[in-house]
Structures are given as structure tokens and as C-alpha cells.
file entry09.csv (CSV, C-alpha atoms)
chain,number,residue,atom,x,y,z
H,824,MET,CA,13.2,-17.8,-2.6
H,825,THR,CA,12.3,-14.2,-3.5
H,826,ALA,CA,9.2,-14.5,-5.7
H,827,ILE,CA,8.8,-10.8,-6.2
H,828,ALA,CA,11.2,-8.2,-7.7
H,829,THR,CA,10.6,-4.5,-8.1
H,830,LEU,CA,12.0,-1.9,-10.5
H,831,THR,CA,12.4,1.8,-9.6
H,832,MET,CA,13.9,3.8,-12.4
H,833,ASN,CA,13.8,7.1,-10.5
H,834,PRO,CA,14.4,6.3,-6.8
H,835,ALA,CA,14.7,9.0,-4.2
H,836,LEU,CA,16.1,9.5,-0.7
H,837,ASP,CA,12.9,10.6,1.1
H,838,ILE,CA,13.3,13.1,3.9
H,839,ALA,CA,10.4,13.8,6.3
H,840,THR,CA,10.3,16.5,8.9
H,841,ALA,CA,7.9,18.9,10.7
H,842,THR,CA,7.7,22.6,11.4
H,843,PRO,CA,5.1,24.7,13.3
H,844,GLU,CA,4.1,26.7,10.3
H,845,VAL,CA,5.1,27.0,6.6
H,846,ARG,CA,5.7,30.7,5.8
H,847,PRO,CA,7.5,32.4,2.9
H,848,THR,CA,10.8,34.1,3.3
H,849,GLU,CA,11.4,33.2,6.9
H,850,LYS,CA,13.7,30.5,8.1
H,851,LEU,CA,11.6,27.5,9.2
H,852,ARG,CA,13.0,25.6,12.1
H,853,CYS,CA,12.3,21.9,11.6
H,854,GLY,CA,12.3,18.9,13.7
H,855,ALA,CA,14.7,16.0,13.4
H,856,PRO,CA,14.5,14.5,9.9
H,857,ARG,CA,13.6,11.0,9.1
H,858,TYR,CA,15.3,9.3,6.1
H,859,ASP,CA,13.8,6.5,4.1
H,860,PRO,CA,14.6,4.8,0.8
H,861,GLY,CA,11.9,5.9,-1.6
H,862,GLY,CA,10.5,5.7,-5.1
H,863,GLY,CA,7.6,3.5,-6.3
H,864,GLY,CA,9.2,0.0,-6.6
H,865,ILE,CA,11.4,0.5,-3.5
H,866,ASN,CA,8.3,1.4,-1.5
H,867,VAL,CA,6.5,-1.7,-2.8
H,868,ALA,CA,9.5,-3.8,-1.7
H,869,ARG,CA,9.6,-2.2,1.8
H,870,VAL,CA,5.9,-2.8,2.3
H,871,ILE,CA,6.1,-6.4,1.2
H,872,HIS,CA,9.0,-6.9,3.7
H,873,ALA,CA,7.0,-5.2,6.5
H,874,LEU,CA,4.1,-7.6,5.8
H,875,GLY,CA,6.4,-10.6,6.5
H,876,SER,CA,7.4,-11.6,2.9
H,877,GLU,CA,10.4,-10.7,0.7
H,878,ALA,CA,11.0,-8.7,-2.5
H,879,ARG,CA,14.2,-7.7,-4.2
H,880,ALA,CA,14.4,-4.0,-5.2
H,881,VAL,CA,16.3,-3.1,-8.4
H,882,PHE,CA,17.2,0.5,-9.1
H,883,PRO,CA,19.9,2.8,-10.5
H,884,ALA,CA,21.8,4.7,-7.8
H,885,GLY,CA,24.5,7.4,-7.8
H,886,GLY,CA,26.1,9.9,-5.4
H,887,PRO,CA,25.8,10.1,-1.6
H,888,ALA,CA,22.0,9.9,-1.7
H,889,GLY,CA,22.2,6.7,-3.8
H,890,ALA,CA,24.7,5.2,-1.3
H,891,MET,CA,22.4,6.1,1.6
H,892,LEU,CA,19.5,4.3,-0.1
H,893,GLY,CA,21.5,1.1,0.0
H,894,GLN,CA,22.4,1.6,3.7
H,895,LEU,CA,18.8,2.3,4.7
H,896,LEU,CA,17.6,-0.8,2.8
H,897,VAL,CA,20.2,-3.0,4.6
H,898,ALA,CA,19.0,-1.5,7.9
H,899,GLN,CA,15.4,-2.3,7.1
H,900,GLY,CA,16.3,-5.9,5.9
H,901,VAL,CA,15.1,-5.3,2.3
H,902,GLU,CA,17.0,-7.2,-0.5
H,903,TYR,CA,18.2,-5.0,-3.3
H,904,ALA,CA,20.4,-4.7,-6.4
H,905,ALA,CA,21.7,-1.2,-7.1
H,906,VAL,CA,23.0,-0.3,-10.6
H,907,PRO,CA,25.7,2.4,-10.4
H,908,ILE,CA,25.1,5.6,-12.4
H,909,ALA,CA,27.1,8.8,-13.0
H,910,GLY,CA,24.2,11.1,-11.9
H,911,GLN,CA,23.1,11.9,-8.4
H,912,THR,CA,20.1,10.1,-7.0
H,913,ARG,CA,17.4,12.6,-6.2
H,914,GLU,CA,16.0,13.7,-2.8
H,915,SER,CA,12.4,14.4,-1.9
H,916,LEU,CA,11.2,16.4,1.1
H,917,THR,CA,7.9,16.0,3.0
H,918,VAL,CA,7.1,18.7,5.6
H,919,HIS,CA,4.3,18.3,8.1
H,920,GLU,CA,2.8,21.7,9.2
H,921,GLU,CA,1.9,21.2,12.8
H,922,THR,CA,-0.5,24.1,13.2
H,923,SER,CA,-2.7,23.0,10.3
H,924,GLY,CA,-2.0,19.3,9.9
H,925,LYS,CA,-1.2,19.9,6.2
H,926,GLU,CA,1.5,18.1,4.4
H,927,PHE,CA,3.8,19.8,1.9
H,928,ARG,CA,5.7,17.6,-0.5
H,929,PHE,CA,8.7,18.8,-2.5
H,930,VAL,CA,9.8,16.4,-5.2
H,931,LEU,CA,13.1,17.0,-7.1
H,932,PRO,CA,13.8,15.7,-10.6
H,933,GLY,CA,15.9,12.6,-11.0
H,934,PRO,CA,19.2,12.3,-13.0
H,935,GLU,CA,19.2,11.5,-16.7
H,936,LEU,CA,20.1,7.9,-17.4
H,937,SER,CA,22.3,7.2,-20.4
H,938,ALA,CA,21.6,4.4,-22.8
H,939,HIS,CA,24.4,2.4,-21.3
H,940,GLU,CA,23.0,2.9,-17.8
H,941,GLN,CA,19.5,1.8,-18.9
H,942,ASP,CA,21.1,-1.3,-20.5
H,943,ALA,CA,22.8,-2.1,-17.2
H,944,VAL,CA,19.5,-1.9,-15.3
H,945,PHE,CA,17.8,-4.3,-17.7
H,946,GLU,CA,20.8,-6.6,-17.6
H,947,THR,CA,20.6,-6.7,-13.8
H,948,LEU,CA,16.9,-7.5,-14.1
H,949,ALA,CA,17.4,-10.3,-16.6
H,950,ALA,CA,20.2,-11.8,-14.4
H,951,LEU,CA,18.2,-12.0,-11.2
H,952,ASP,CA,18.7,-15.4,-9.5
H,953,PRO,CA,16.4,-16.8,-8.4
H,954,LYS,CA,14.1,-15.6,-11.1
H,955,PRO,CA,11.1,-13.8,-9.7
H,956,ALA,CA,7.6,-15.0,-10.5
H,957,TRP,CA,6.4,-11.3,-10.3
H,958,LEU,CA,8.0,-8.2,-11.5
H,959,VAL,CA,6.6,-4.8,-10.3
H,960,ALA,CA,7.7,-1.7,-12.1
H,961,SER,CA,6.4,1.4,-10.3
H,962,GLY,CA,7.1,5.1,-10.1
H,963,SER,CA,8.1,8.1,-12.2
H,964,LEU,CA,10.6,7.9,-15.0
H,965,PRO,CA,13.8,10.0,-15.1
H,966,PRO,CA,14.9,12.0,-18.2
H,967,GLY,CA,16.4,9.9,-20.9
H,968,ILE,CA,13.9,7.0,-20.9
H,969,GLY,CA,12.7,6.4,-24.4
H,970,GLU,CA,9.3,5.5,-25.7
H,971,GLY,CA,10.2,1.8,-25.9
H,972,PHE,CA,10.7,1.4,-22.2
H,973,ALA,CA,7.4,-0.4,-21.5
H,974,LYS,CA,7.9,-2.8,-24.4
H,975,ARG,CA,11.4,-3.6,-23.3
H,976,LEU,CA,10.3,-4.1,-19.8
H,977,ALA,CA,7.6,-6.5,-20.9
H,978,GLU,CA,10.1,-8.5,-23.0
H,979,THR,CA,12.4,-8.7,-20.0
H,980,ALA,CA,9.6,-10.0,-17.8
H,981,ARG,CA,8.7,-12.7,-20.4
H,982,GLY,CA,12.3,-13.7,-20.4
H,983,LEU,CA,12.2,-14.2,-16.6
H,984,GLY,CA,8.9,-16.0,-16.8
H,985,ALA,CA,7.5,-13.3,-14.5
H,986,ARG,CA,4.1,-11.6,-14.5
H,987,LEU,CA,4.6,-7.9,-15.0
H,988,VAL,CA,2.7,-5.4,-12.9
H,989,LEU,CA,3.1,-1.9,-14.2
H,990,ASP,CA,2.3,1.3,-12.3
H,991,ALA,CA,3.9,4.0,-14.4
H,992,PRO,CA,3.0,7.4,-15.9
H,993,GLY,CA,0.0,7.2,-18.3
H,994,LYS,CA,2.2,8.3,-21.2
H,995,VAL,CA,4.1,5.0,-20.9
H,996,LEU,CA,0.9,3.1,-21.7
H,997,ARG,CA,-0.2,5.2,-24.7
H,998,ALA,CA,0.1,3.5,-28.1
H,999,GLU,CA,1.2,0.3,-26.4
H,1000,ALA,CA,-1.3,-2.0,-28.0
H,1001,GLY,CA,-0.2,-5.6,-27.6
H,1002,LEU,CA,2.1,-4.8,-24.7
H,1003,GLY,CA,0.8,-7.9,-23.0
H,1004,VAL,CA,1.6,-7.2,-19.3
H,1005,TYR,CA,-0.4,-8.9,-16.6
H,1006,LEU,CA,-1.7,-5.8,-14.7
H,1007,VAL,CA,-1.6,-2.0,-15.1
H,1008,LYS,CA,-2.6,0.5,-12.4
H,1009,PRO,CA,-3.5,3.9,-14.0
H,1010,ASN,CA,-5.3,6.6,-12.0
H,1011,LEU,CA,-8.5,8.2,-13.3
H,1012,GLY,CA,-6.8,11.1,-14.9
H,1013,GLU,CA,-4.4,8.9,-16.8
H,1014,LEU,CA,-7.2,6.6,-18.0
H,1015,GLU,CA,-9.2,9.7,-19.2
H,1016,ASP,CA,-6.2,10.9,-21.1
H,1017,MET,CA,-5.9,7.6,-22.9
H,1018,ALA,CA,-9.6,7.3,-23.5
H,1019,GLY,CA,-9.9,10.9,-24.7
H,1020,VAL,CA,-13.2,11.4,-22.8
H,1021,LYS,CA,-14.4,12.2,-19.3
H,1022,LEU,CA,-15.0,9.1,-17.3
H,1023,ASP,CA,-17.6,10.4,-14.8
H,1024,ASP,CA,-19.2,7.1,-13.7
H,1025,HIS,CA,-18.0,3.5,-13.1
H,1026,ASP,CA,-19.6,2.1,-16.2
H,1027,LYS,CA,-17.6,4.5,-18.4
H,1028,ALA,CA,-14.4,3.8,-16.5
H,1029,CYS,CA,-15.0,0.1,-16.9
H,1030,ALA,CA,-15.5,0.4,-20.6
H,1031,ALA,CA,-12.3,2.4,-21.0
H,1032,ALA,CA,-10.3,-0.1,-18.9
H,1033,ARG,CA,-11.7,-2.9,-21.0
H,1034,ASN,CA,-10.5,-1.1,-24.1
H,1035,LEU,CA,-7.0,-1.5,-22.8
H,1036,ILE,CA,-7.6,-5.2,-22.2
H,1037,ALA,CA,-9.0,-5.6,-25.7
H,1038,GLU,CA,-6.0,-3.8,-27.2
H,1039,GLY,CA,-3.7,-6.3,-25.5
H,1040,VAL,CA,-2.1,-3.8,-23.1
H,1041,ALA,CA,-2.9,-5.9,-20.0
H,1042,GLU,CA,-5.0,-8.7,-18.7
H,1043,VAL,CA,-6.1,-6.8,-15.6
H,1044,VAL,CA,-6.6,-3.1,-15.0
H,1045,VAL,CA,-6.8,-1.7,-11.4
H,1046,LEU,CA,-8.1,1.9,-11.6
H,1047,SER,CA,-7.0,4.1,-8.7
H,1048,LEU,CA,-9.7,6.5,-7.6
H,1049,GLY,CA,-8.0,8.1,-4.6
H,1050,SER,CA,-10.4,8.8,-1.8
H,1051,LYS,CA,-13.2,7.1,-3.8
H,1052,GLY,CA,-11.3,3.7,-3.7
H,1053,ALA,CA,-10.4,1.6,-6.7
H,1054,GLN,CA,-11.9,-0.4,-9.5
H,1055,LEU,CA,-10.9,-3.9,-10.6
H,1056,VAL,CA,-11.5,-4.6,-14.3
H,1057,THR,CA,-10.9,-7.8,-16.3
H,1058,ASP,CA,-12.8,-9.1,-19.4
H,1059,THR,CA,-15.3,-10.7,-16.9
H,1060,ILE,CA,-15.0,-8.5,-13.8
H,1061,CYS,CA,-15.8,-4.9,-13.1
H,1062,GLU,CA,-15.9,-4.4,-9.3
H,1063,HIS,CA,-15.6,-1.2,-7.3
H,1064,PHE,CA,-13.9,-1.2,-3.9
H,1065,GLU,CA,-14.6,1.6,-1.5
H,1066,ALA,CA,-11.7,3.3,0.3
H,1067,ILE,CA,-11.4,2.3,4.0
H,1068,ARG,CA,-12.2,5.3,6.1
H,1069,VAL,CA,-9.5,6.0,8.6
H,1070,GLU,CA,-8.0,9.1,10.4
H,1071,SER,CA,-5.3,9.8,7.8
H,1072,VAL,CA,-2.0,11.1,9.0
H,1073,SER,CA,-0.1,11.1,5.7
H,1074,ALA,CA,-0.9,10.1,2.1
H,1075,VAL,CA,2.8,9.5,1.2
H,1076,GLY,CA,3.3,6.1,-0.3
H,1077,ALA,CA,-0.4,5.0,0.0
H,1078,GLY,CA,-0.6,4.0,-3.6
H,1079,ASP,CA,2.6,2.1,-3.5
H,1080,ALA,CA,1.4,0.3,-0.3
H,1081,MET,CA,-1.9,-0.7,-2.1
H,1082,LEU,CA,0.1,-2.1,-5.0
H,1083,ALA,CA,2.4,-4.0,-2.6
H,1084,GLY,CA,-0.6,-5.6,-0.9
H,1085,LEU,CA,-2.2,-6.5,-4.2
H,1086,VAL,CA,0.9,-8.2,-5.6
H,1087,LEU,CA,1.7,-10.0,-2.3
H,1088,ALA,CA,-1.8,-11.4,-2.1
H,1089,LEU,CA,-1.7,-12.5,-5.7
H,1090,SER,CA,1.7,-14.2,-5.2
H,1091,ARG,CA,0.2,-16.2,-2.4
H,1092,GLY,CA,-2.6,-17.4,-4.6
H,1093,ASP,CA,-5.5,-15.1,-3.6
H,1094,SER,CA,-8.2,-14.4,-6.1
H,1095,LEU,CA,-8.2,-11.0,-7.7
H,1096,PRO,CA,-11.2,-9.7,-5.6
H,1097,ASP,CA,-9.6,-11.0,-2.4
H,1098,ALA,CA,-6.3,-9.5,-3.3
H,1099,MET,CA,-8.0,-6.2,-3.9
H,1100,ARG,CA,-9.5,-6.3,-0.4
H,1101,PHE,CA,-6.1,-6.9,1.1
H,1102,ALA,CA,-4.7,-4.1,-1.1
H,1103,MET,CA,-7.3,-1.7,0.1
H,1104,ALA,CA,-6.4,-2.5,3.7
H,1105,THR,CA,-2.7,-2.1,3.0
H,1106,GLY,CA,-3.2,1.3,1.3
H,1107,ALA,CA,-5.3,2.6,4.2
H,1108,ALA,CA,-2.8,1.3,6.7
H,1109,ALA,CA,-0.1,3.4,5.0
H,1110,THR,CA,-2.0,6.6,5.7
H,1111,LEU,CA,-2.0,6.0,9.5
H,1112,ARG,CA,1.8,6.6,9.7
H,1113,PRO,CA,3.5,10.0,9.3
H,1114,GLY,CA,5.8,11.0,6.5
H,1115,THR,CA,7.6,8.1,4.7
H,1116,GLN,CA,7.1,5.4,7.3
H,1117,LEU,CA,4.6,3.5,5.1
H,1118,VAL,CA,3.1,0.3,6.7
H,1119,VAL,CA,2.9,-1.5,10.0
H,1120,ARG,CA,1.7,-5.1,9.7
H,1121,GLU,CA,-0.6,-4.8,12.8
H,1122,ASP,CA,-2.5,-1.9,11.2
H,1123,VAL,CA,-3.3,-4.0,8.1
H,1124,GLU,CA,-4.5,-6.9,10.2
H,1125,ARG,CA,-6.7,-4.6,12.2
H,1126,LEU,CA,-8.3,-3.1,9.1
H,1127,LEU,CA,-8.9,-6.4,7.3
H,1128,PRO,CA,-11.9,-7.6,9.3
H,1129,GLY,CA,-13.8,-4.4,8.5
H,1130,LEU,CA,-13.8,-5.3,4.8
H,1131,GLY,CA,-16.4,-8.1,5.3

call {"tool": "encode", "arguments": {"input": "entry09.csv", "output": "C-alpha cells"}}
result
Amino acid sequence: MTAIATLTMNPALDIATATPEVRPTEKLRCGAPRYDPGGGGINVARVIHALGSEARAVFPAGGPAGAMLGQLLVAQGVEYAAVPIAGQTRESLTVHEETSGKEFRFVLPGPELSAHEQDAVFETLAALDPKPAWLVASGSLPPGIGEGFAKRLAETARGLGARLVLDAPGKVLRAEAGLGVYLVKPNLGELEDMAGVKLDDHDKACAAARNLIAEGVAEVVVLSLGSKGAQLVTDTICEHFEAIRVESVSAVGAGDAMLAGLVLALSRGDSLPDAMRFAMATGAAATLRPGTQLVVREDVERLLPGLG
């Protein structure tokens, strides 16, 4: 039984390559490209699969890049349900500059989804069999998504009997009092925008997160702080988790990996603090691999003992 489903409204065919140096005007000779299925929810499903469990990825797909997404997911053994669309699935390019070690990320916009195509995505979610216990919606939104997206998503999750975990642009959460999702994962900038003030210490961030909880947006807030770790906030918990220090190779997909680890641990019955520790190890493990490769299970297992 697949207990976890993910939704990616703006998936991407991720392409990763390397070149000695990034310079303007000149032709840049690159190494052999690596292709991976990408976008927030798809990455979450890939990481969960890499960690020995299963998740079904739901996403709209169109054109050659959309077809390739399905082929790559089959090759990786990840379950999916692709909803056909008229537009072309976007591509994203990550270039590693060998001389400096810097990473350049070029992210193209996604296709606009018609109202009919959006309906088809939600119908696919509602018809999932078996019904998932957890629904993770993650990633950017393409043009055409209306203001009621989050509310409709929450209603769909309730119809499935699933706990909804939402990692979406901050604008999706604005003015969504009473949304009633289980967990949201804003970054610090998004939470500051919603609070309307600078959140320059953990107490202020905790208070702002608890405002979201008091307004009925979510039961749990996980605040992503980048290199400074993350903060777990409920109505009774406000705990900071330091980032695990590793020799980072690439930051691509680290946030998605963290979310995957969190949801996987919660689906197994871990407490929120224990799930956060597993999530921090999973996010750190993602940075150890180049480009869009995401997570290797052995890296996570190696990092976990250091969490205490």
C-alpha cells in the first residue's frame, strides 16, 4: 500500500552538466548531461523511494519533456500518475563550474494550466486507489493557478482522509485562515512577508509561526532557515534544529529531501522532533551528491548517529 502521495503542479525535466568555466558570449563545452525527473513533489517521491519506501507522484505533463519524466520515473521505480496537458513541461538546467566549484541554476517557466487541466489533476488525486494517508504538495505553481488552489487542495485531502503537507510559495498561504492543513513549510522570507515584520530571532519566528496555527492555517509549521537549520513549531513546541555540517557538493533538491524525510518518518509513527532529526539528515545527505541526484540511503544512515 502506498501511504504517501505527492503533487507537483509545475514539474520539470532537470538537466545537470558541468563545464570548466562559465563565461559570457563564448560557446561553453559541457560534459555529458544527466537527466532527472524534477519539481518539488516528484523530488519528494524520489527521495522516499530511495529511502526504501514508496510514494505515488501526481503531476501534469505535456510534450517530449513530460513524456521523458514518465520514462525516468519508471526507470527509477517510482510510482506516478501523469495528467496529460496541452502545454510543454518545462526544463531546468544546472551547470557546475569546475574551476570555482560554483553551481549555476537556470529555471524555465512552466506552461499555463487551463481550468479543465486543473480539474483533471484534482480528479486524479481524488481517485487515487489506495487512498494515501499523507498528501504532500510541493513546488512552484505554473501560470493559471487561481487563489483558491490551497483551499481546494485542502478539501481534496480531507476527502481522501489524508494529512496534507504543503510546501508552496508564501503567496499561497496568505489570507488562508482556516485552511486546516496538517503542516506547512515556509522559508524565513515567506514567513516574514506574511507577518509583515523582520523575524530576526527564534522567539519572533516562533510567535509568527504560532499566529499561522492560531489562524487555523496549519497544525504544524516547519520553518526552513537554510544554512541555519530549521525550526519546528506547534502550539506546544518551538524547537530549533541545527543544520548538519557536511562538505556540500550541490544544494539542488535539499529542501525537497528534507521534506521527504520528515513525511516518511511521520508516516512511520515517529514523533515530530524525531521526524525532524531524520529530516535534517536527509536534507544534508542530498547536498553530498552532485546536480539532481538527490539522496543515497547510506548517506542518511551515516549522518543520523551524529544527531545525538

call {"tool": "atom_distance", "arguments": {"input": "entry09.csv", "atom1": "CA of Gly1084 in chain H", "atom2": "CA of Phe1101 in chain H"}}
result
6.0 Å

call {"tool": "atom_distance", "arguments": {"input": "entry09.csv", "atom1": "CA of Ala826 in chain H", "atom2": "CA of Ser1047 in chain H"}}
result
24.8 Å

call {"tool": "residues_around", "arguments": {"input": "entry09.csv", "residues": "range 969-977 of chain H", "least_positions_apart": "2", "cutoff": "9 Å", "atoms": "all atoms listed in the file", "output": "list in words"}}
result
Phe945, Ala960, Pro966, Gly967, Thr979, Ala980, Arg981, Gly982, Arg986, Leu987, Leu989, Lys994, Val995, Leu996, Glu999, Leu1002, Gly1003 and Val1004 of chain H

call {"tool": "closest_residue", "arguments": {"input": "entry09.csv", "among": "H:Ala1080, H:Leu1048, H:Ala1037, H:Val867", "to": "Glu1013 in chain H", "atoms": "all atoms listed in the file"}}
result
H:Leu1048

call {"tool": "closest_residue", "arguments": {"input": "entry09.csv", "among": "H:Gly900, H:Gly993, H:Gly1001, H:Gly1052", "to": "Met1017 in chain H", "atoms": "only C-alpha atoms"}}
result
H:Gly993

call {"tool": "closest_residue", "arguments": {"input": "entry09.csv", "among": "H:Gly893, H:Pro834, H:Gly962, H:Gly1039", "to": "Lys1008 in chain H", "atoms": "all atoms listed in the file"}}
result
H:Gly962

call {"tool": "residues_near_point", "arguments": {"input": "entry09.csv", "point": "(12.5, -11.5, -3.0)", "cutoff": "12 Å", "atoms": "all atoms listed in the file", "output": "PDB file with C-alpha atoms, keeping the file's coordinate frame"}}
result
ATOM      1  CA  MET H 824      13.200 -17.800  -2.600  1.00  0.00           C
ATOM      2  CA  THR H 825      12.300 -14.200  -3.500  1.00  0.00           C
ATOM      3  CA  ALA H 826       9.200 -14.500  -5.700  1.00  0.00           C
ATOM      4  CA  ILE H 827       8.800 -10.800  -6.200  1.00  0.00           C
ATOM      5  CA  ALA H 828      11.200  -8.200  -7.700  1.00  0.00           C
ATOM      6  CA  THR H 829      10.600  -4.500  -8.100  1.00  0.00           C
ATOM      7  CA  VAL H 867       6.500  -1.700  -2.800  1.00  0.00           C
ATOM      8  CA  ALA H 868       9.500  -3.800  -1.700  1.00  0.00           C
ATOM      9  CA  ARG H 869       9.600  -2.200   1.800  1.00  0.00           C
ATOM     10  CA  ILE H 871       6.100  -6.400   1.200  1.00  0.00           C
ATOM     11  CA  HIS H 872       9.000  -6.900   3.700  1.00  0.00           C
ATOM     12  CA  GLY H 875       6.400 -10.600   6.500  1.00  0.00           C
ATOM     13  CA  SER H 876       7.400 -11.600   2.900  1.00  0.00           C
ATOM     14  CA  GLU H 877      10.400 -10.700   0.700  1.00  0.00           C
ATOM     15  CA  ALA H 878      11.000  -8.700  -2.500  1.00  0.00           C
ATOM     16  CA  ARG H 879      14.200  -7.700  -4.200  1.00  0.00           C
ATOM     17  CA  ALA H 880      14.400  -4.000  -5.200  1.00  0.00           C
ATOM     18  CA  VAL H 881      16.300  -3.100  -8.400  1.00  0.00           C
ATOM     19  CA  GLY H 900      16.300  -5.900   5.900  1.00  0.00           C
ATOM     20  CA  VAL H 901      15.100  -5.300   2.300  1.00  0.00           C
ATOM     21  CA  GLU H 902      17.000  -7.200  -0.500  1.00  0.00           C
ATOM     22  CA  TYR H 903      18.200  -5.000  -3.300  1.00  0.00           C
ATOM     23  CA  ALA H 904      20.400  -4.700  -6.400  1.00  0.00           C
ATOM     24  CA  LEU H 951      18.200 -12.000 -11.200  1.00  0.00           C
ATOM     25  CA  ASP H 952      18.700 -15.400  -9.500  1.00  0.00           C
ATOM     26  CA  PRO H 953      16.400 -16.800  -8.400  1.00  0.00           C
ATOM     27  CA  LYS H 954      14.100 -15.600 -11.100  1.00  0.00           C
ATOM     28  CA  PRO H 955      11.100 -13.800  -9.700  1.00  0.00           C
ATOM     29  CA  ALA H 956       7.600 -15.000 -10.500  1.00  0.00           C
ATOM     30  CA  TRP H 957       6.400 -11.300 -10.300  1.00  0.00           C
ATOM     31  CA  LEU H 958       8.000  -8.200 -11.500  1.00  0.00           C
ATOM     32  CA  VAL H 959       6.600  -4.800 -10.300  1.00  0.00           C
ATOM     33  CA  LEU H1087       1.700 -10.000  -2.300  1.00  0.00           C
ATOM     34  CA  SER H1090       1.700 -14.200  -5.200  1.00  0.00           C
TER      35      SER H1090
END

call {"tool": "closest_residue", "arguments": {"input": "entry09.csv", "among": "H:Val906, H:Glu1124, H:Pro883, H:Leu1095", "to": "Leu1006 in chain H", "atoms": "all atoms listed in the file"}}
result
H:Leu1095

call {"tool": "residues_around", "arguments": {"input": "entry09.csv", "residues": "Ala1109 in chain H", "least_positions_apart": "6", "cutoff": "12 Å", "atoms": "all atoms listed in the file", "output": "VMD selection string"}}
result
chain H and resid 866 to 867 869 to 870 873 to 874 1067 1069 to 1084 1102 to 1103 1115 to 1123 1126

call {"tool": "closest_residue", "arguments": {"input": "entry09.csv", "among": "H:Val1045, H:Val918, H:Ala1031, H:Ile1060", "to": "Asn1010 in chain H", "atoms": "all atoms listed in the file"}}
result
H:Val1045

call {"tool": "residues_around", "arguments": {"input": "entry09.csv", "residues": "range 928-933 of chain H", "least_positions_apart": "4", "cutoff": "7 Å", "atoms": "only C-alpha atoms", "output": "count of residues only"}}
result
9

call {"tool": "closest_residue", "arguments": {"input": "entry09.csv", "among": "H:Gly984, H:Pro907, H:His1025, H:Ser961", "to": "Val1007 in chain H", "atoms": "only C-alpha atoms"}}
result
H:Ser961

call {"tool": "atom_distance", "arguments": {"input": "entry09.csv", "atom1": "CA of Glu849 in chain H", "atom2": "CA of Ala835 in chain H"}}
result
26.8 Å

call {"tool": "residues_around", "arguments": {"input": "entry09.csv", "residues": "Ala1053 in chain H", "least_positions_apart": "2", "cutoff": "8 Å", "atoms": "all atoms listed in the file", "output": "JSON, numbers by chain"}}
result
{"H": [1045, 1046, 1047, 1048, 1049, 1051, 1055, 1063, 1064, 1065, 1066]}
